[in-house]
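Take a look at the structure set out below.
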Amino acid sequence: MQADYSAVDRLLHRVALGSVATAEILHDIERTRHLKQAPPDNGDHVFITGLARAGTTILLREIHRTGHFASLTYADMPFVLAPNLWERAARSIRKPFDPVERAHGDGIAVNLESPEAFDEVFWRIFHGKSYIKPDGLYPHRPGPRAIARYREFLRLVMKRSGKARYLAKGNNNILRLGALAAAMPGSTFLLVVRDPLSHAVSLLSQHRRFIEDDPFRRNYMRWLGHHEFGVGHLPYRFPGAPEGDPATVDYWLATWLACYSALEPVLDAQPNIRVVPYERMCADPAVWTALCRLIGIDEAPRTEIAAPAETFGVDCDRALRAQAEALHARFIQRSRDWIG
């Protein structure tokens, strides 16, 4: 999210994203006008997921930079469900901007060409009532018709981009990972896993950063389906979901444990889900080499993957940390099956 949205920008976002009916109508027009000319779905796509702050954005940007994939970008905002209609309409009014650091304050700079996790708008608009509840986000099991409609949406983005393969990052896809992976066996799903304590500290830091109750920011995050932290935070309602105080590191450590515990059996059922160990990805170039081989692209230089900040002297529940670290170790072992 940029910090300098004009009044016109804010109005467009409210029209395009704030009204479910408007979004549905625009998407129907998009499908009518452009779906027949969209490339066929070969099923060979890449989906990146994991709990927010796992390193999913960096991985998305590195893969997207290779030029092999279509993705939703900031240029598609705010009419992300009508990418071809908006591409034509925005040619004369869209204003390019120099890369600016995103609101997370994590050093990641974005411009119009930057890919981002905008696919969740599709799920929120058409299926939000199924998984977004007042007390949290619940596991989501979209059926064959919903997934078929989603795959048509991918084709529309591929048409706009001129690419035959799709790349997406979606943190909320942990809610529907099993259903998506089963429905698209030819696609690769990359589940990024980060050291639980450093991950919890990062989540707590972002929660504090986004706790300020700015109305437009709150609505913007809600429109995009982002409830991971901040004033609009809603917990993932996996078994063991925390009920404590989000202002504590133990809350986020319990969140980590609940989410990845729920995902462990999904890995057993779906061989096209691969664990990406965040710390090793940052430290060992061999992981990037293996990733390129896994998704079938020529290796390109990585430019943004870098070592994360280390966590020292954090006071947390020892038993909770021990459970999380044991689970983390099992995930790391799974990653060795394909990385070596």
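Residues are referred to by chain and number: the chain letter is A, B, ... according to the order shown in the structure tokens, the number counts from 1 in that chain, and ligands are numbered separately from 1 in the order shown.
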
Check your understanding: Which parts of stretch 160-276 of chain A does DSSP call strand (DSSP E) when run on the backbone here, written out as a ChimeraX atom specification?
Key -> /A:167-169,188-193,273-276

Exercise for review: Might you pull out every residue within 9 Å of stretch 34-44 of chain A, with only C-alpha atoms counted and same-chain residues fewer than 4 positions away left off, and present them as number ranges by chain?
Suggested key: A: 29-30, 84-85, 151-160, 162-166, 184-188, 295

Review point. From the list A:Glu304, A:Pro83, A:Ala283, A:Asp135, which residue is nearest A:Pro242 when using only C-alpha atoms?
Key: A:Asp135

Point to revise | stretch 46-270 of chain A: residues DSSP assigns to alpha helix (DSSP H), reported as number ranges by chain | key: A: 56-64, 83-90, 120-131, 144-161, 177-183, 196-209, 215-223, 249-269

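Within 9 Å of A:Pro301, once only C-alpha atoms are used and residues closer than 2 positions along the same chain are dropped, the contacting residues are Glu62, Thr66, Glu299 and Thr303 of chain A.
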
Practice item. Could you please determine the separation between atom CA of A:Leu60 and atom CA of A:Phe47 in Å, to one decimal place? Key: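 Interatomic distance, atom CA of A:Leu60 to atom CA of A:Phe47: 8.8 Å.
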
**Study point:** Proximity to A:Met221 - best of A:Leu327, A:Val20, A:Val121, A:Ala307, only C-alpha atoms
**Key:** A:Val121

So which residues touch A:Leu320 within 8 Å, counting only C-alpha atoms, skipping near sequence neighbours fewer than 3 positions away, as a CSV table (one decimal) with C-alpha atoms, in the first residue's frame?
chain,number,residue,atom,x,y,z
A,250,ASP,CA,3.5,-15.8,22.6
A,253,LEU,CA,4.2,-18.1,18.3
A,254,ALA,CA,0.9,-20.0,19.0
A,316,CYS,CA,8.5,-16.4,25.4
A,317,ASP,CA,6.8,-19.5,26.6
A,323,GLN,CA,6.6,-27.5,20.3
A,324,ALA,CA,7.1,-25.0,17.4

Point to revise | Selection near A:Pro239, 12 Å with only C-alpha atoms, sequence-local residues under 6 positions removed, as a count of residues only | key: 13

Practice item. Work out how far atom CA of A:Val287 is from atom CA of A:Arg274, in Å to one decimal. Key: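 Taking atom CA of A:Arg274 and atom CA of A:Val287, their separation equals 12.1 Å.
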
**Study point:** Top pick for closest residue to A:Gly136, considering A:Arg10, A:His207, A:Arg318, A:Arg237 and counting only C-alpha atoms
**Key:** A:Arg237

Exercise for review: Can you pull out every residue within 7 Å of A:Ala200, counting only C-alpha atoms, but drop anything in the same chain fewer than 4 positions away, and send it as JSON, numbers by chain?
Suggested key: {"A": [196, 204, 249, 252, 253]}

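Straight-line separation from atom CA of A:Asp9 to atom CA of A:Ile25: 20.2 Å.
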
Exercise for review: Write out as a list of chain:residue names each polymer residue whose atoms come within 8 Å of A:Ala54, counting only C-alpha atoms; drop sequence neighbours fewer than 5 positions from it.
Suggested key: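 The filter keeps A:Val192, A:Val193, A:Arg194, A:His199, A:Tyr278.
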